[in-house]
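**Student:** Take this structure first; my questions come after.
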Amino acid sequence: MITAVIALMIAFAPAATAATPSPSPSPENFVNSISGFLRNEGKPLEGVKITAKGQGFEGSATSAANGAWEIGVPSKGSYEVTLDEASLPEGIKLADGQQNPRTITFTETSNQGTIFAFGKGIVVQQQDFGQNLLNRLVAGLSFGLLLALAAVGLSLIFGTTGLTNFAHSEMVTMGAVLVFAFNAIGMPFWLAILLAIVGGGLFGYVQDAALWKPLRRRGTGLVPMMIVSIGLALAVRYTILFFFGGATQQLPFAQSADIQLGPISISPNNLWSLLISAVVIAIVGIVLLKTRLGKATRAVADNPALAAASGIDVDGVIRIVWVTGGILASLGGILWAYYRPGVTFDMGQQILLLIFAGVTLGGLGTVFGALIGSVVVGIFVELTTVFGLAADLKYVGALFIMIVVLLFRPQGILGRRERVG
């Protein structure tokens with residue numbers, strides 16, 4: 001039933017994909033790919049040739065009418081990417097300081113993007129260590145806060161139901177996919193975002209009403225329910241793949257030049273992500289601390305039986321928590337699509353372990369612990385590359401820190417001992 005609802009929610013995704021010009025495909029049909037968008041002063045550059053060479057492979061692509069290009073590669077690793085400057089339109093050249101060719105190394109994703117900057121008077125400069133450290137710190141804070149949006153919802157669900165929900169990753173993916181689909185069929189961008197967030201809340205509502213509430217009433221154990229959530233995650237993920245496709249798509253305004261705020265260089269998308277995440281998390285915190293609903297939610301999380309005996313509608317509170325979790329996860333997914341950048345069918349699964357790391361590090365079932373843990377994870381992920389850790393290992397480093405902290409404080413930063421086990 002749930003997958004049928006998902007199919008209806010994104011049934012127009014094929015039309016959305018068709019409405020957006022596709023990049024020139026590579027002759028090889030590989031799962032992994034290198035891609036990007038070529039734009040000069042906001043205008044796409046068509047017909048520019050890009051070549052990728054490495055791992056015993058060489059392939060090329062030509063940018064499409066929307067400036068998109070994509071080269072399929074046989075395996076992850078390092079590739080030398082070269083833009084053929086002779087194929088650029090007359091009068092357009094790469095910005096001073098651009099590396100061409102440049103080396104691209106895959107991280108945890110199946111698609112690795114790269115951006116070539118163009119324009120007169122634009123100079124790409126190498127940053128010194130201090131400036132790079134400050135920029136990575138701000139980027140890590142932005143990444144950590146968008147992780148916190150999803151982690152707070154996951155923590156609320158765990159706190160009120162005890163369920164470790166592996167399908168939360170698909171709630172993250174849903175937000176970005178719905179924005180792309182709604183925007184591609186002609187809806188205004190702001191309306192597409194609003195409807196995607198509502199769709200995320202609806203997804204959470206349907207999950208609880210159709211699946212989790214009946215299982216709770218039957219007295220199903222938490223381990224079987226966790227296994228069900230894994231199956232649900234796979235079903236939803238490949239339903240999205242069927243309708244949306246496996247290609248990486250871009251949301252509007254995904255590519256933008258960095259802006260300078262004093263000594264900090266940050267993209268407008270990351271700045272908006274940081275501000276939006278901070279405001280939304282602050283609102284959630286105020287609701288939990290100051291309103292009757294928040295007090296009821298905390299009561300259910302502490303002791304559901306006692307809360308029910310006190311007259312609290314436990315099922316109603318849990319239903320609201322699922323809707324809230326879906327909304328927060330969808331918003332986090334939209335911001336993640338801009339941070340990467342790009343929308344893929346498995347984008348939520350790519351950061352699921354980091355979301356779990358934030359929740360576990362902060363303290364299972366504690367909302368503010370999830371916030372602190374996610375920020376720690378986000379900042380650590382970004383700072384590790386400054387100190388020489390390979391980009392492929394930065395997410396591994398965050399998980400390692402989580403393990404080390406939990407060895408000395410098993411309940412997490414803000415958790416209580418009785419909540420573990």
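Order determines the names: the first chain of the structure tokens is A, the second B, and so forth; residues in each chain are numbered 1 upward, and ligands are numbered 1 upward as they are shown.
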Show which residues sit within 12 Å of Thr366 (chain A), as a ChimeraX atom specification. Count only C-alpha atoms, and ignore same-chain residues fewer than 2 positions away.

**Tutor:** /A:148,151-160,162,285,288,297-298,301-302,358-364,368-373,411-416,419-420

**Student:** Excluding same-chain residues fewer than 4 positions from region 58-69 of chain A, what lies within 6 Å of it counting only C-alpha atoms, as a list of chain:residue names?

**Tutor:**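 The residues that qualify are A:Pro23, A:Ser24, A:Ser26, A:Ser35, A:Gly36, A:Phe37, A:Leu38, A:Pro44, A:Leu45, A:Glu46, A:Gly47, A:Val48, A:Lys49, A:Ile50, A:Thr51, A:Ala52, A:Lys53.
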
**Student:** From a backbone DSSP assignment, name each residue in region 157-361 of chain A labelled strand (DSSP E), as a ChimeraX atom specification.

**Tutor:** /A:259-261,264-266

**Student:** Please report the interatomic distance between CA of Met174 (chain A) and CA of Gly200 (chain A) in Å with one decimal.

**Tutor:** 6.5 Å

**Student:** Between CA of Leu271 (chain A) and CA of Asn100 (chain A), what is the spacing in Å?

**Tutor:**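 Here the two named atoms are 28.2 Å from each other.
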
**Student:** Quick check, in Å to one decimal: how far apart do CA of Pro268 (chain A) and CA of Leu335 (chain A) lie?

**Tutor:**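 Between CA of Pro268 (chain A) and CA of Leu335 (chain A) the gap is 11.8 Å.
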